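Asks: Sharing a structure with you now.
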Amino acid sequence: MFTQEIVTVTENKPVAEGYFKLSFNAPELAKNYDPIQFVNVKVGSGTEFLLRKPFSIYDHTDTDISILFKIYGKGTERLSQYKTGDSLDILGPLGTGVVPPKDNVPTALIVGGVGIGSVKALALKMPKQFDLFYGVRNQGEVVEKQEWSELANTVFMCSDDGSCGEKGVVSTLFQKQASAYKKIYVCGPHAMLKAVYDVCPETIESFFITEEYMACGFGICMGCVIKTTSGYKRICKEGPVFKGSEIIW
Amino acid sequence: MFTQEIVTVTENKPVAEGYFKLSFNAPELAKNYDPIQFVNVKVGSGTEFLLRKPFSIYDHTDTDISILFKIYGKGTERLSQYKTGDSLDILGPLGTGVVPPKDNVPTALIVGGVGIGSVKALALKMPKQFDLFYGVRNQGEVVEKQEWSELANTVFMCSDDGSCGEKGVVSTLFQKQASAYKKIYVCGPHAMLKAVYDVCPETIESFFITEEYMACGFGICMGCVIKTTSGYKRICKEGPVFKGSEIIW
Amino acid sequence: MVNLDKKRVSPVKIGSVTYPNPIWLASGTVAFGAELSEILDLNMLGGIVLKGTTLEPREGNPPPRLVETPSGLLNAIGLQNPGVEGLIKDKLPFLKQFKVPVILNIAGKHEDEYVSIVQRVAEEAEVQGYELNLSCPNVENGLDLGTDPQWVESVVKKVKKVAGNVPVLAKITPNVTRITDLSKAAENGGADAISLINTLVGMAFNTHTQQPILANKIGGLSGPAIRPVAIRMVYQVRQTTSLPIVGMGGIMNQHDVDEFYIAGADCVQLGTLNFVDIHQLRSLINTAQS
Amino acid sequence: MVNLDKKRVSPVKIGSVTYPNPIWLASGTVAFGAELSEILDLNMLGGIVLKGTTLEPREGNPPPRLVETPSGLLNAIGLQNPGVEGLIKDKLPFLKQFKVPVILNIAGKHEDEYVSIVQRVAEEAEVQGYELNLSCPNVENGLDLGTDPQWVESVVKKVKKVAGNVPVLAKITPNVTRITDLSKAAENGGADAISLINTLVGMAFNTHTQQPILANKIGGLSGPAIRPVAIRMVYQVRQTTSLPIVGMGGIMNQHDVDEFYIAGADCVQLGTLNFVDIHQLRSLINTAQS
Ligand SMILES: Cc1cc2nc3c(=O)[nH]c(=O)nc-3n(C[C@H](O)[C@H](O)[C@H](O)COP(=O)(O)OP(=O)(O)OC[C@H]3O[C@@H](n4cnc5c(N)ncnc54)[C@H](O)[C@@H]3O)c2cc1C
Ligand SMILES: Cc1cc2nc3c(=O)[nH]c(=O)nc-3n(C[C@H](O)[C@H](O)[C@H](O)COP(=O)(O)OP(=O)(O)OC[C@H]3O[C@@H](n4cnc5c(N)ncnc54)[C@H](O)[C@@H]3O)c2cc1C
Ligand SMILES: Cc1cc2nc3c(=O)[nH]c(=O)nc-3n(C[C@H](O)[C@H](O)[C@H](O)COP(=O)(O)O)c2cc1C
Ligand SMILES: Cc1cc2nc3c(=O)[nH]c(=O)nc-3n(C[C@H](O)[C@H](O)[C@H](O)COP(=O)(O)O)c2cc1C
Ligand code: FES
Ligand code: FES
């Protein structure tokens, strides 16, 4: 069950270079969402932007939901200007969420850049058996370092310029230790997802959090598809999480 | 000479029911405009509104210009939300202004509703020989009553519902005393302009401040024309002031 | 003058069917109704037009299939649909629980396919209208056939022969020189109503990769950007026919709906709006309840 | 890949004329240059296309002539202009002080008028291009002639005969089924370049009075709303000709300019932008200075 709500922004603060964490009041939603679900947000007024913009639910309190976003284009630029007290029109929760694994198999979350925004809700609901592999461009991009080091068993960092953790890409970082895991959740740009898939042993159960341009966000436009072994599937409806073996890369 | 400037809003306050007076910092403009000139204002962001919206220059201080506007549609609604410190993109001064009459002939300003916004700059620069005929829907619409009573010799008020001054329309109010004047400046909706023209003795030199939908505001689109005895003329360039005898009503 | 108060709530008679009110949802913007039913009471609609259906299942175009343009949406879904058998087996049964008139949107590769689809569906007898998509610009050759008045007349005629009592709506393409040539052709073919407009053919490039954004390169432009063109076409067609007109293209609010009624539409379909504002959608639907 | 860095500053050769850079201003959005020269250095432009000029003076349509639509502007100016004699007497002399190439936009009622205008202007020898407006949708009968490829070919051919060394640009109408039929016709007629797109035919109603907002009822839609259609047409025409293409339609910033270059345009014209953002205009012009 999803709804369209006009909510009030309770906080919108920079949390890294070009990254914002925006919270809004939505007690019902805060109680009733699954990790990896997202909200589709109307940014700006009139037809300044015609389509909503999708953002994963990052975190919640009893009354509030937050999203974590990176300034990408004009829409996220505009969203960064929202202030406490502004109202925001959201649709959600959308997508098929993930039931946090109860089994204690060794698990890794592997994220690149703003991909971190999609996995925190999952991390919070998981037993603390997971490691985090976190790749960024540079140190300035790292979000909530302290919190993550508390959430995860171990955080393995890498960065393109070596300013933070190992120098290199997260797929390579993960590859070195891949054999230690039985289950992975991967989130980031498509090229990174593919790189991780390519180095991931078949013995690992892998889940990839995918993205595609969306219009509706709830399955009626058929716009946001990904090619799978059983044909095109809607990322907003059957996804955004797909097994690595299901995706046609 | 006109320019496009990004200015800062210094104040935006309600001055009557649905009326706002918006001031912005523009020292050059404040020194270099003629009464009845206007500015063309970009409202909102992106293509929320594609065209600028024209507003007469209402008043000025040494450093600031103000406009007076009435909430009409979505653009003026949005403009009413601007706050001190916001920036605003304006083009101006536009139109052919009026050189305030130096001769001491008996003069009347005749305005309906938000028409008051176009004549204050003229009133400020005129010798105090003018009377104001001011028609409104109702009392709530009256703007700066006190100031006008100081600016004008006499203020004659009327309103549609009689809540303020005589009950009736401003053309009728003026007609009764028309013979007392040699020169009039008229501003208001087109129907009111025509009504005043119809009751105005030929002996009076009459100037009408006209309006038409505008795209550019400085004469390049040919969109804002009014039919005159010498063909269509551009309200934004040859106007907005035309002699009553020139207009084909 | 159009009596708007009346028009907004009036049932709409097309052929032998009277649709309960003039607010319908457009093909390709509702899938087959299931997802929308989670957030909207379908029973309050005057009609729901299903996603364009072909004889065989179609997997559609590769992504990207969408991109936003100023006040517009460019799409190239490529008619992803389960085919007429899939429709009958997996989609229509769900819709039985609602009283909303279901209109099938039919996309054939050639005349015979339209006829075959109608014949196959007619056996099921659940649908209350056939909207012939004579205008899908995303599919190979789709453009050219639908722009030919003779072809339009002929396909409508053939479908009418097998449609029985079910009204046939001709959704003609707006990407033509004279829209009235097509509406007249459809009328000559025996269409019970004219649906317009479908999307305008458009394109957008990614200036970094220098590639078309849509995998299909060209796509169909919908949304408020195209409303002035839609209004003009409804107006022009209204001057030349007394058939019911089903108007659409960029409707976002009551003002826009009224503009279509004034231009000459008897009822309207909401399309892109469904993706972006369910509150507005509900408000328009509520207005239509007399 | 288009070398954008190069393209943005490249002179553009059309026929025998080399225009200094690819940023031009579009007809109907600059009047005859005088007003813009107060706020813009015309000398930095690659070209300036004057307001559509007819043989006799035209007073144009009654107001309202304009209305804003979502991301668009609907206009029906009705070709208000002083006629070719007025142009020569009152408008061209002012432009002599600038080095910007002046392109005349010509709107004839029939073939002979195009020819007569060119002949009359040729005596003056100040203009650097003739852009034939084969597409003005606002003028009676204007639509139908320009949609006929044979007519387009014929009028271009006749004008070429009298144009001497001055390049002839064919501004074909976008309100047609197949834009490439027209571009080919213009090419066959000997056009030196293809200009596209002109405005799309649109309409808007005042829902209170229930009357069309424009006094002329229908008008031409410009601005960002039409950009996807313009880009598609430039792309389609580029596939079928090696003639220079002068692209326009909804350009608002550098991204949009680049999109036209990528789609296949050799230079661009800025139109509606001139009405709304002189800063952007200057910034695009500055980019074009090598
Ligand atoms: C399920 C899902 C969850 C997401 N979660 C997050 C998140 O938690 N944090 C975050 O920062 N970003 C997230 N994104 C991406 C985010 O939606 C885009 O960054 C944002 O829409 C860009 O808008 P823009 O106007 O700033 O950029 P634009 O200038 O519009 O576009 C820049 C690029 O962003 C992408 N994009 C734009 N609009 C959409 C759209 N409607 N749907 C999908 N992609 C689009 C396109 O690839 C485009 O090229 C998510 C996307 C999806 C599909
Ligand atoms: C020279 C001139 C001076 C003006 N001075 C003032 C003033 O001092 N104070 C004031 O309150 N209003 C003034 N106006 C009118 C003001 O421009 C409109 O009220 C405003 O543009 C409406 O915008 P909107 O978005 O709120 O309304 P919309 O919803 O856009 O339109 C409502 C109506 O306003 C008119 N309008 C809209 N846009 C324009 C436009 N670009 N040009 C002309 N008319 C338009 C139209 O008649 C339209 O039907 C002036 C107009 C002109 C031409
Ligand atoms: C994503 C999408 C898919 C569409 N698919 C179809 C279709 O399958 N068949 C059809 O006739 N029209 C289809 N259309 C066109 C719409 O039914 C409608 O004619 C058009 O979008 C204009 O209306 P709008 O501006 O309100 O969206 C589609 C439109 C969109 C946006
Ligand atoms: C107010 C206005 C008047 C126009 N007049 C003419 C004209 O006289 N001749 C012509 O060929 N095009 C004319 N056009 C079309 C433009 O030259 C251009 O093709 C069109 O506006 C698309 O570009 P744009 O979206 O950048 O404005 C006019 C456009 C506008 C907006
Ligand atoms: S975004 Fe519409 S189906 Fe996924
Ligand atoms: S608004 Fe463009 S000429 Fe007056």
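By convention in this document, the chains of the structure tokens carry letters A, B, ... by their order, each chain's residues are numbered from 1, and ligands are numbered from 1 in the order they are shown.
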For ligand 5, collect every residue having any atom at a distance of at most 6 Å from a ligand atom (counting only C-alpha atoms and all ligand atoms); output as a list in words.

Replies: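 Final answer, ordered by chain and number: Met214, Ala215, Cys216, Gly217, Phe218, Gly219, Ile220, Cys221, Met222, Gly223, Cys224, Arg234, Ile235 and Cys236 of chain A.
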
Asks: Output all heavy atoms for every residue in the selection just made, as a short mmCIF file (atom, residue, chain, number, x, y, z; two decimals), in the first residue's frame.

Replies:
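Now in selection_38.cif:
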```
data_model
loop_
_atom_site.label_atom_id
_atom_site.label_comp_id
_atom_site.auth_asym_id
_atom_site.auth_seq_id
_atom_site.Cartn_x
_atom_site.Cartn_y
_atom_site.Cartn_z
N MET A 214 12.76 6.88 -14.24
CA MET A 214 11.39 6.51 -13.90
C MET A 214 10.42 7.64 -14.20
O MET A 214 10.75 8.80 -14.05
CB MET A 214 11.30 6.19 -12.41
CG MET A 214 12.06 4.95 -12.05
SD MET A 214 11.83 4.49 -10.33
CE MET A 214 12.64 2.89 -10.37
N ALA A 215 9.21 7.27 -14.59
CA ALA A 215 8.16 8.27 -14.70
C ALA A 215 7.20 8.11 -13.53
O ALA A 215 7.08 8.99 -12.69
CB ALA A 215 7.42 8.16 -16.03
N CYS A 216 6.55 6.94 -13.42
CA CYS A 216 5.52 6.79 -12.39
C CYS A 216 6.07 6.31 -11.06
O CYS A 216 5.65 6.75 -10.01
CB CYS A 216 4.42 5.87 -12.88
SG CYS A 216 4.95 4.15 -13.08
N GLY A 217 6.95 5.33 -11.09
CA GLY A 217 7.48 4.76 -9.86
C GLY A 217 6.63 3.66 -9.26
O GLY A 217 7.00 3.08 -8.24
N PHE A 218 5.47 3.36 -9.86
CA PHE A 218 4.65 2.28 -9.28
C PHE A 218 4.07 1.32 -10.32
O PHE A 218 3.05 0.68 -10.08
CB PHE A 218 3.57 2.84 -8.35
CG PHE A 218 2.58 3.78 -8.98
CD1 PHE A 218 1.34 3.34 -9.39
CD2 PHE A 218 2.90 5.13 -9.13
CE1 PHE A 218 0.41 4.21 -9.95
CE2 PHE A 218 1.98 6.01 -9.70
CZ PHE A 218 0.74 5.55 -10.11
N GLY A 219 4.73 1.27 -11.47
CA GLY A 219 4.43 0.15 -12.36
C GLY A 219 3.47 0.39 -13.50
O GLY A 219 3.13 -0.55 -14.23
N ILE A 220 3.03 1.64 -13.71
CA ILE A 220 2.02 1.81 -14.76
C ILE A 220 2.56 2.31 -16.09
O ILE A 220 1.86 2.28 -17.10
CB ILE A 220 0.85 2.73 -14.31
CG1 ILE A 220 1.34 4.14 -13.96
CG2 ILE A 220 0.11 2.11 -13.14
CD1 ILE A 220 0.21 5.13 -13.68
N CYS A 221 3.79 2.82 -16.13
CA CYS A 221 4.28 3.39 -17.39
C CYS A 221 5.16 2.43 -18.18
O CYS A 221 5.39 2.64 -19.36
CB CYS A 221 4.99 4.72 -17.15
SG CYS A 221 6.67 4.58 -16.48
N MET A 222 5.66 1.41 -17.55
CA MET A 222 6.55 0.43 -18.19
C MET A 222 7.85 1.07 -18.66
O MET A 222 8.50 0.57 -19.57
CB MET A 222 5.86 -0.26 -19.40
CG MET A 222 4.49 -0.81 -19.13
SD MET A 222 4.47 -1.96 -17.74
CE MET A 222 5.26 -3.39 -18.48
N GLY A 223 8.23 2.14 -18.00
CA GLY A 223 9.39 2.88 -18.48
C GLY A 223 10.72 2.41 -17.93
O GLY A 223 11.76 2.54 -18.57
N CYS A 224 10.70 1.85 -16.72
CA CYS A 224 11.94 1.68 -15.95
C CYS A 224 12.48 0.27 -15.96
O CYS A 224 12.88 -0.25 -14.93
CB CYS A 224 11.65 2.08 -14.51
SG CYS A 224 10.48 0.96 -13.74
N ARG A 234 10.10 -4.43 -14.36
CA ARG A 234 10.05 -3.04 -13.92
C ARG A 234 10.88 -2.87 -12.64
O ARG A 234 10.61 -3.53 -11.63
CB ARG A 234 8.60 -2.64 -13.63
CG ARG A 234 7.74 -2.59 -14.87
CD ARG A 234 6.29 -2.51 -14.50
NE ARG A 234 5.87 -3.73 -13.77
CZ ARG A 234 4.64 -4.00 -13.41
NH1 ARG A 234 3.65 -3.15 -13.70
NH2 ARG A 234 4.34 -5.10 -12.76
N ILE A 235 11.83 -1.99 -12.69
CA ILE A 235 12.67 -1.73 -11.52
C ILE A 235 11.83 -1.16 -10.38
O ILE A 235 12.06 -1.46 -9.20
CB ILE A 235 13.83 -0.80 -11.90
CG1 ILE A 235 14.82 -1.58 -12.77
CG2 ILE A 235 14.52 -0.22 -10.66
CD1 ILE A 235 16.00 -0.79 -13.28
N CYS A 236 10.82 -0.37 -10.70
CA CYS A 236 10.03 0.27 -9.66
C CYS A 236 9.04 -0.68 -9.00
O CYS A 236 8.50 -0.38 -7.94
CB CYS A 236 9.27 1.48 -10.22
SG CYS A 236 7.87 1.04 -11.26
#
```

Asks: Please extract the residues at most 8 Å from ligand 4, counting only C-alpha atoms and all ligand atoms, and provide them as an MDAnalysis selection string, using the chain letters and residue numbers of this document.

Replies: (chainID B and resid 215 221:223) or (chainID D and resid 26:29 50:53 66 72:77 79 105:107 131:136 171 196:199 220:227 248:252 269:273)

Asks: Contacts of Thr84 of chain A at 10 Å or less, counting only C-alpha atoms, minus same-chain residues fewer than 2 places along, as a list in words?

Replies: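 Result of the neighbour search: Thr8, Val9, Thr10, Glu11, Asn12, Lys13, Leu22, Ser23, Phe24, Gln81, Tyr82, Asp86 and Ser87 of chain A.
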
Asks: Give me, as a list in words, the contact residues of chain A against chain D at a cut-off of 10 Å, counting only C-alpha atoms.

Replies: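 For chain A, the answer reads Gly46, Thr47 and Glu48 of chain A.
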
Asks: Neighbours of ligand 2 within 7 Å, counting only C-alpha atoms and all ligand atoms, as a ChimeraX atom specification?

Replies: /B:38,51-58,67-77,114-115,117-118,210-215,236,240

Asks: Counting only C-alpha atoms, which residues of chain D come no farther than 9 Å from chain C, as an NGL selection string?

Replies: :D and (1-2 or 69-72 or 74 or 144 or 147 or 174-178 or 200-207 or 209-212 or 218 or 221 or 224-233 or 235 or 255-256 or 258-260 or 262-263)

Asks: Run DSSP on the backbone and grab whatever in segment 40-123 of chain D lands in strand (DSSP E); send it over as a PyMOL selection string.

Replies: chain D and resi 47-49+66-69+72-75+102-106

Asks: Would you please work out which residue, of D:Pro167, D:Gly108, D:Pro101, D:Pro63, is nearest to ligand 6 when using only C-alpha atoms and all ligand atoms?

Replies: D:Pro63

Asks: Please give the complete set of residues from segment 44-227 of chain C that DSSP, run on the backbone, assigns to helix (DSSP H, G or I), formatted as a ChimeraX atom specification.

Replies: /C:44,83-95,111-122,142-146,149-163,179-189,224-227

Asks: Under the rule that only C-alpha atoms and all ligand atoms are counted, which of A:Gly95, A:Gly85, A:Gly231, A:Gly162 is the nearest residue to ligand 1?

Replies: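 Result for the nearest residue to ligand 1: A:Gly95.
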
Asks: Would you mind listing what lies within 12 Å of Gln139 of chain A as a list of chain:residue names, with only C-alpha atoms counted and same-chain residues fewer than 3 positions away left out?

Replies: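 Residues near the query, excluding close chain neighbours: A:Ala16, A:Glu17, A:Gly113, A:Tyr134, A:Gly135, A:Val136, A:Val142, A:Val143, A:Glu144, A:Lys145, A:Met157, A:Cys158, A:Ser159, A:Asp160, A:Asp161, A:Gly162, A:Ser163, A:Cys164, A:Gly165, A:Glu166, A:Lys167.
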
Asks: Please measure the separation of atom CA of Gly18 of chain B and atom CA of Asn32 of chain B, giving the value in Å to one decimal.

Replies: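 Between atom CA of Gly18 of chain B and atom CA of Asn32 of chain B the gap is 29.3 Å.
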
Asks: With only C-alpha atoms and all ligand atoms as the basis for distance, which of D:Pro64, D:Gly129, D:Gly83, D:Pro149 is at the shortest distance from ligand 6?

Replies: D:Pro64

Asks: Using only C-alpha atoms and all ligand atoms, which residue out of D:Val276, D:Leu243, D:Leu281, D:Leu104 lies closest to ligand 6?

Replies: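 Of the candidates, the smallest distance to ligand 6 is held by D:Val276.
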
Asks: With distances taken over only C-alpha atoms, which residue among A:Ile36, A:Tyr19, A:Pro27, A:Gly44 lies nearest chain B?

Replies: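 Using only C-alpha atoms, the shortest distance to chain B belongs to A:Gly44.
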
Asks: Within 10 Å of ligand 6, which residues of chain D show up? Give each one with its shortest atom-to-atom distance in Å (one decimal) and the two atoms involved, counting only C-alpha atoms and all ligand atoms, rows by chain then rising residue number, as a tab-separated table.

Replies:
```
residue	atom	partner	partner_atom_place_in_ligand_line	distance
D:Thr29	CA	ligand 6	2 (Fe)	8.6
D:Val30	CA	ligand 6	2 (Fe)	9.5
D:Ala31	CA	ligand 6	3 (S)	8.5
D:Glu35	CA	ligand 6	3 (S)	9.7
D:Arg65	CA	ligand 6	1 (S)	9.9
D:Leu66	CA	ligand 6	1 (S)	9.0
D:Phe275	CA	ligand 6	2 (Fe)	7.3
```

Asks: Here is a test: counting only C-alpha atoms and all ligand atoms, which residue of C:Asn61, C:Ser195, C:Ser37, C:Asn21 is nearest to ligand 3?

Replies: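 Checking each candidate against ligand 3, we get C:Ser195 as the closest.
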
Asks: Which neighbours of Tyr185 of chain A fall inside 8 Å, counting only C-alpha atoms, when residues of the same chain fewer than 2 positions from it are skipped, and could you give them as a list in words?

Replies: Thr107, Ala108, Leu109, Ile110, Lys183, Cys187, Ser206, Phe207, Phe208 and Ile209 of chain A

Asks: Go ahead and write the selection's residues with N, CA, C and O atoms as a PDB file, in the first residue's frame.

Replies:
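selection_8.pdb, freshly written:
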```pdb
ATOM      1  N   THR A 107      27.723 -11.819   5.333  1.00  0.00           N
ATOM      2  CA  THR A 107      27.124 -10.935   4.337  1.00  0.00           C
ATOM      3  C   THR A 107      27.972  -9.688   4.135  1.00  0.00           C
ATOM      4  O   THR A 107      28.569  -9.182   5.086  1.00  0.00           O
ATOM      5  N   ALA A 108      28.008  -9.199   2.903  1.00  0.00           N
ATOM      6  CA  ALA A 108      28.679  -7.926   2.627  1.00  0.00           C
ATOM      7  C   ALA A 108      27.720  -6.973   1.933  1.00  0.00           C
ATOM      8  O   ALA A 108      26.923  -7.381   1.093  1.00  0.00           O
ATOM      9  N   LEU A 109      27.786  -5.719   2.342  1.00  0.00           N
ATOM     10  CA  LEU A 109      27.147  -4.652   1.566  1.00  0.00           C
ATOM     11  C   LEU A 109      28.250  -3.999   0.758  1.00  0.00           C
ATOM     12  O   LEU A 109      29.295  -3.646   1.324  1.00  0.00           O
ATOM     13  N   ILE A 110      28.009  -3.855  -0.527  1.00  0.00           N
ATOM     14  CA  ILE A 110      29.034  -3.268  -1.386  1.00  0.00           C
ATOM     15  C   ILE A 110      28.430  -2.057  -2.063  1.00  0.00           C
ATOM     16  O   ILE A 110      27.460  -2.188  -2.812  1.00  0.00           O
ATOM     17  N   LYS A 183      26.640 -13.984   0.974  1.00  0.00           N
ATOM     18  CA  LYS A 183      25.545 -13.158   0.475  1.00  0.00           C
ATOM     19  C   LYS A 183      26.024 -11.718   0.327  1.00  0.00           C
ATOM     20  O   LYS A 183      26.718 -11.207   1.214  1.00  0.00           O
ATOM     21  N   CYS A 187      25.061  -1.858  -4.368  1.00  0.00           N
ATOM     22  CA  CYS A 187      24.355  -0.672  -4.839  1.00  0.00           C
ATOM     23  C   CYS A 187      25.339   0.380  -5.330  1.00  0.00           C
ATOM     24  O   CYS A 187      26.314   0.699  -4.641  1.00  0.00           O
ATOM     25  N   SER A 206      23.832 -13.161  -4.679  1.00  0.00           N
ATOM     26  CA  SER A 206      24.056 -11.722  -4.850  1.00  0.00           C
ATOM     27  C   SER A 206      22.770 -10.977  -5.187  1.00  0.00           C
ATOM     28  O   SER A 206      21.950 -11.449  -5.962  1.00  0.00           O
ATOM     29  N   PHE A 207      22.602  -9.812  -4.570  1.00  0.00           N
ATOM     30  CA  PHE A 207      21.441  -8.958  -4.833  1.00  0.00           C
ATOM     31  C   PHE A 207      21.922  -7.591  -5.278  1.00  0.00           C
ATOM     32  O   PHE A 207      22.746  -6.971  -4.607  1.00  0.00           O
ATOM     33  N   PHE A 208      21.389  -7.154  -6.394  1.00  0.00           N
ATOM     34  CA  PHE A 208      21.816  -5.873  -6.954  1.00  0.00           C
ATOM     35  C   PHE A 208      20.671  -4.869  -6.916  1.00  0.00           C
ATOM     36  O   PHE A 208      19.549  -5.188  -7.309  1.00  0.00           O
ATOM     37  N   ILE A 209      20.970  -3.693  -6.414  1.00  0.00           N
ATOM     38  CA  ILE A 209      19.962  -2.631  -6.348  1.00  0.00           C
ATOM     39  C   ILE A 209      20.156  -1.766  -7.583  1.00  0.00           C
ATOM     40  O   ILE A 209      21.174  -1.098  -7.731  1.00  0.00           O
TER      41      ILE A 209
END
```
